[in-house]
Amino acid sequence: MPKPSPAVPSEILERARRGERAAHAELYALLAGPVFTLARRMLASSTLAEDVLQETFVEVLCKIGGFRGDAEVGTWIKRIAINKCLMHVRSSWVSRRGVTGDEPA
């Protein structure tokens, strides 16, 4: 059974929303491990998992100001990572199949 993401203290979240670099680093330190593990399991490649980890946190830092708090921040970040993983899986499937999207169905 997967371990839940560590809880992010609300003060770190609020500081991250205000754009404080130290809070961004703290958020990364708390959640990079679980996000990497999730990506590694989905992609079966450490290299791709590292790419997804970086892409995920770039998006998180760009969008943290709009985070509404409907879910735990760790859940939100993991969902972003899952979507990034799925995009990698789809793009590799498309490139292996030679599907261009221009062909009639």
# chains A, B, ... in the order shown; residues from 1 in each chain; ligands from 1
>>> residues_around(residues="range 47-59 of chain A", least_positions_apart="6", cutoff="6 Å", atoms="only C-alpha atoms", output="PyMOL selection string")
chain A and resi 36+39-40+81
>>> write_last_selection(atoms="N, CA and C atoms", output="JSON list (two decimals), in the first residue's frame")
[["chain", "number", "residue", "atom", "x", "y", "z"],
["A", 36, "PHE", "N", 8.89, 11.47, -6.84],
["A", 36, "PHE", "CA", 9.84, 10.67, -7.62],
["A", 36, "PHE", "C", 9.45, 9.19, -7.58],
["A", 39, "ALA", "N", 6.47, 8.56, -9.82],
["A", 39, "ALA", "CA", 6.86, 8.61, -11.23],
["A", 39, "ALA", "C", 7.69, 7.40, -11.61],
["A", 40, "ARG", "N", 8.57, 6.97, -10.74],
["A", 40, "ARG", "CA", 9.43, 5.81, -11.02],
["A", 40, "ARG", "C", 8.58, 4.55, -11.18],
["A", 81, "ALA", "N", 1.85, 15.22, -11.04],
["A", 81, "ALA", "CA", 2.86, 14.24, -11.43],
["A", 81, "ALA", "C", 2.26, 13.09, -12.23]]
>>> residues_around(residues="range 17-32 of chain A", least_positions_apart="4", cutoff="6 Å", atoms="only C-alpha atoms", output="ChimeraX atom specification")
/A:12,36,64-65
>>> write_last_selection(atoms="N, CA and C atoms", output="CSV table (one decimal), in the first residue's frame")
chain,number,residue,atom,x,y,z
A,12,ILE,N,4.1,26.9,5.5
A,12,ILE,CA,4.9,26.7,4.3
A,12,ILE,C,4.1,26.9,3.1
A,36,PHE,N,8.9,11.5,-6.8
A,36,PHE,CA,9.8,10.7,-7.6
A,36,PHE,C,9.4,9.2,-7.6
A,64,ILE,N,1.1,27.5,-7.9
A,64,ILE,CA,0.8,27.4,-6.4
A,64,ILE,C,-0.1,28.6,-6.0
A,65,GLY,N,0.0,29.7,-6.6
A,65,GLY,CA,-0.8,30.9,-6.2
A,65,GLY,C,-2.3,30.7,-6.5
>>> select_by_dssp(residues="range 11-102 of chain A", states="alpha helix (DSSP H)", output="compact mmCIF listing (two decimals) with N, CA and C atoms, in the first residue's frame")
# COMPACT_ATOMS: atom_id res chain seq x y z
N GLU A 11 1.79 27.03 7.10
CA GLU A 11 2.64 28.22 6.96
C GLU A 11 3.60 28.08 5.78
N ILE A 12 4.07 26.87 5.49
CA ILE A 12 4.93 26.67 4.31
C ILE A 12 4.11 26.91 3.05
N LEU A 13 2.90 26.38 3.03
CA LEU A 13 2.03 26.57 1.87
C LEU A 13 1.75 28.06 1.64
N GLU A 14 1.42 28.77 2.67
CA GLU A 14 1.12 30.21 2.52
C GLU A 14 2.35 30.98 2.06
N ARG A 15 3.50 30.66 2.60
CA ARG A 15 4.73 31.33 2.17
C ARG A 15 5.04 30.99 0.72
N ALA A 16 4.82 29.75 0.33
CA ALA A 16 5.06 29.35 -1.07
C ALA A 16 4.11 30.09 -2.00
N ARG A 17 2.87 30.27 -1.58
CA ARG A 17 1.90 31.01 -2.39
C ARG A 17 2.32 32.46 -2.58
N ARG A 21 11.09 31.89 -1.92
CA ARG A 21 11.96 30.81 -2.42
C ARG A 21 12.26 29.76 -1.34
N ALA A 22 12.46 30.20 -0.12
CA ALA A 22 12.75 29.25 0.96
C ALA A 22 11.58 28.28 1.15
N ALA A 23 10.37 28.78 1.04
CA ALA A 23 9.19 27.92 1.17
C ALA A 23 9.09 26.96 -0.01
N HIS A 24 9.46 27.42 -1.20
CA HIS A 24 9.48 26.53 -2.37
C HIS A 24 10.46 25.38 -2.13
N ALA A 25 11.62 25.71 -1.59
CA ALA A 25 12.62 24.68 -1.30
C ALA A 25 12.11 23.70 -0.24
N GLU A 26 11.42 24.21 0.77
CA GLU A 26 10.87 23.34 1.81
C GLU A 26 9.79 22.43 1.24
N LEU A 27 8.95 22.96 0.39
CA LEU A 27 7.91 22.17 -0.26
C LEU A 27 8.53 21.06 -1.09
N TYR A 28 9.57 21.41 -1.85
CA TYR A 28 10.28 20.42 -2.66
C TYR A 28 10.90 19.35 -1.77
N ALA A 29 11.55 19.77 -0.69
CA ALA A 29 12.19 18.81 0.21
C ALA A 29 11.18 17.84 0.82
N LEU A 30 10.00 18.31 1.13
CA LEU A 30 8.96 17.46 1.71
C LEU A 30 8.38 16.46 0.71
N LEU A 31 8.21 16.89 -0.54
CA LEU A 31 7.42 16.09 -1.47
C LEU A 31 8.19 15.52 -2.66
N ALA A 32 9.44 15.87 -2.84
CA ALA A 32 10.19 15.36 -3.99
C ALA A 32 10.32 13.84 -3.94
N GLY A 33 10.58 13.29 -2.76
CA GLY A 33 10.73 11.83 -2.63
C GLY A 33 9.47 11.07 -3.04
N PRO A 34 8.32 11.41 -2.46
CA PRO A 34 7.10 10.71 -2.87
C PRO A 34 6.74 10.91 -4.34
N VAL A 35 6.98 12.09 -4.88
CA VAL A 35 6.68 12.34 -6.30
C VAL A 35 7.61 11.52 -7.18
N PHE A 36 8.89 11.47 -6.84
CA PHE A 36 9.84 10.67 -7.62
C PHE A 36 9.45 9.19 -7.58
N THR A 37 9.10 8.69 -6.39
CA THR A 37 8.71 7.28 -6.25
C THR A 37 7.49 6.97 -7.10
N LEU A 38 6.51 7.84 -7.07
CA LEU A 38 5.31 7.66 -7.89
C LEU A 38 5.67 7.61 -9.37
N ALA A 39 6.47 8.56 -9.82
CA ALA A 39 6.86 8.61 -11.23
C ALA A 39 7.69 7.40 -11.61
N ARG A 40 8.57 6.97 -10.74
CA ARG A 40 9.43 5.81 -11.02
C ARG A 40 8.58 4.55 -11.18
N ARG A 41 7.57 4.42 -10.36
CA ARG A 41 6.68 3.24 -10.46
C ARG A 41 5.86 3.28 -11.75
N MET A 42 5.42 4.45 -12.13
CA MET A 42 4.59 4.56 -13.33
C MET A 42 5.40 4.42 -14.62
N LEU A 43 6.65 4.89 -14.60
CA LEU A 43 7.42 4.97 -15.84
C LEU A 43 8.51 3.91 -15.95
N SER A 46 14.28 5.60 -14.05
CA SER A 46 14.73 6.66 -13.14
C SER A 46 14.94 7.98 -13.86
N THR A 47 15.46 7.90 -15.08
CA THR A 47 15.71 9.12 -15.85
C THR A 47 14.41 9.84 -16.16
N LEU A 48 13.41 9.10 -16.64
CA LEU A 48 12.11 9.73 -16.92
C LEU A 48 11.45 10.22 -15.64
N ALA A 49 11.62 9.47 -14.56
CA ALA A 49 11.04 9.88 -13.28
C ALA A 49 11.66 11.20 -12.81
N GLU A 50 12.96 11.37 -13.01
CA GLU A 50 13.61 12.63 -12.65
C GLU A 50 13.07 13.77 -13.51
N ASP A 51 12.86 13.50 -14.80
CA ASP A 51 12.28 14.52 -15.69
C ASP A 51 10.89 14.93 -15.20
N VAL A 52 10.07 13.94 -14.86
CA VAL A 52 8.72 14.22 -14.39
C VAL A 52 8.76 14.99 -13.07
N LEU A 53 9.67 14.63 -12.20
CA LEU A 53 9.82 15.34 -10.93
C LEU A 53 10.08 16.82 -11.19
N GLN A 54 11.01 17.11 -12.07
CA GLN A 54 11.33 18.51 -12.37
C GLN A 54 10.16 19.22 -13.05
N GLU A 55 9.55 18.56 -14.03
CA GLU A 55 8.40 19.16 -14.73
C GLU A 55 7.26 19.44 -13.76
N THR A 56 7.05 18.51 -12.83
CA THR A 56 5.97 18.66 -11.85
C THR A 56 6.20 19.90 -10.99
N PHE A 57 7.41 20.04 -10.47
CA PHE A 57 7.65 21.17 -9.58
C PHE A 57 7.73 22.50 -10.31
N VAL A 58 8.10 22.48 -11.58
CA VAL A 58 8.02 23.72 -12.36
C VAL A 58 6.56 24.16 -12.44
N GLU A 59 5.68 23.20 -12.74
CA GLU A 59 4.25 23.54 -12.82
C GLU A 59 3.70 23.95 -11.45
N VAL A 60 4.09 23.23 -10.41
CA VAL A 60 3.63 23.57 -9.06
C VAL A 60 4.01 25.00 -8.71
N LEU A 61 5.26 25.37 -8.96
CA LEU A 61 5.70 26.72 -8.60
C LEU A 61 5.00 27.78 -9.44
N CYS A 62 4.66 27.45 -10.67
CA CYS A 62 3.93 28.40 -11.52
C CYS A 62 2.47 28.56 -11.08
N LYS A 63 1.89 27.48 -10.54
CA LYS A 63 0.45 27.49 -10.25
C LYS A 63 0.09 27.50 -8.76
N VAL A 73 -2.34 19.68 -0.36
CA VAL A 73 -1.38 20.13 -1.37
C VAL A 73 -0.58 18.95 -1.92
N GLY A 74 -0.27 17.97 -1.08
CA GLY A 74 0.46 16.79 -1.54
C GLY A 74 -0.34 16.00 -2.57
N THR A 75 -1.63 15.91 -2.36
CA THR A 75 -2.51 15.22 -3.31
C THR A 75 -2.55 15.97 -4.63
N TRP A 76 -2.64 17.28 -4.57
CA TRP A 76 -2.64 18.13 -5.77
C TRP A 76 -1.34 17.94 -6.55
N ILE A 77 -0.22 17.95 -5.85
CA ILE A 77 1.08 17.80 -6.51
C ILE A 77 1.22 16.41 -7.12
N LYS A 78 0.77 15.38 -6.40
CA LYS A 78 0.83 14.03 -6.96
C LYS A 78 -0.04 13.91 -8.21
N ARG A 79 -1.18 14.58 -8.22
CA ARG A 79 -2.05 14.54 -9.41
C ARG A 79 -1.35 15.19 -10.60
N ILE A 80 -0.65 16.27 -10.37
CA ILE A 80 0.12 16.90 -11.44
C ILE A 80 1.16 15.91 -11.95
N ALA A 81 1.85 15.22 -11.04
CA ALA A 81 2.86 14.24 -11.43
C ALA A 81 2.26 13.09 -12.23
N ILE A 82 1.10 12.61 -11.80
CA ILE A 82 0.43 11.53 -12.53
C ILE A 82 0.12 11.97 -13.95
N ASN A 83 -0.40 13.18 -14.09
CA ASN A 83 -0.71 13.69 -15.43
C ASN A 83 0.55 13.79 -16.28
N LYS A 84 1.66 14.23 -15.69
CA LYS A 84 2.93 14.32 -16.42
C LYS A 84 3.39 12.92 -16.85
N CYS A 85 3.26 11.95 -15.96
CA CYS A 85 3.63 10.56 -16.29
C CYS A 85 2.79 10.04 -17.45
N LEU A 86 1.49 10.28 -17.38
CA LEU A 86 0.61 9.81 -18.44
C LEU A 86 0.96 10.45 -19.78
N MET A 87 1.35 11.72 -19.76
CA MET A 87 1.77 12.37 -21.01
C MET A 87 3.03 11.70 -21.57
N HIS A 88 3.96 11.32 -20.70
CA HIS A 88 5.17 10.62 -21.16
C HIS A 88 4.81 9.26 -21.75
N VAL A 89 3.93 8.53 -21.07
CA VAL A 89 3.52 7.21 -21.55
C VAL A 89 2.82 7.34 -22.90
N ARG A 90 1.91 8.29 -23.02
CA ARG A 90 1.19 8.49 -24.28
C ARG A 90 2.15 8.88 -25.40
N SER A 91 3.07 9.79 -25.12
CA SER A 91 3.97 10.25 -26.18
C SER A 91 4.89 9.12 -26.63
N SER A 92 5.32 8.26 -25.72
CA SER A 92 6.16 7.14 -26.14
C SER A 92 5.34 6.11 -26.90
N TRP A 93 4.07 5.92 -26.52
CA TRP A 93 3.21 4.99 -27.25
C TRP A 93 2.98 5.51 -28.66
N VAL A 94 2.70 6.79 -28.79
CA VAL A 94 2.46 7.39 -30.10
C VAL A 94 3.69 7.28 -30.96
N SER A 95 4.86 7.56 -30.42
CA SER A 95 6.08 7.49 -31.23
C SER A 95 6.41 6.06 -31.63
N ARG A 96 6.12 5.07 -30.77
CA ARG A 96 6.36 3.66 -31.14
C ARG A 96 5.40 3.22 -32.23
N ARG A 97 4.18 3.71 -32.20
CA ARG A 97 3.16 3.30 -33.16
C ARG A 97 3.25 4.08 -34.47
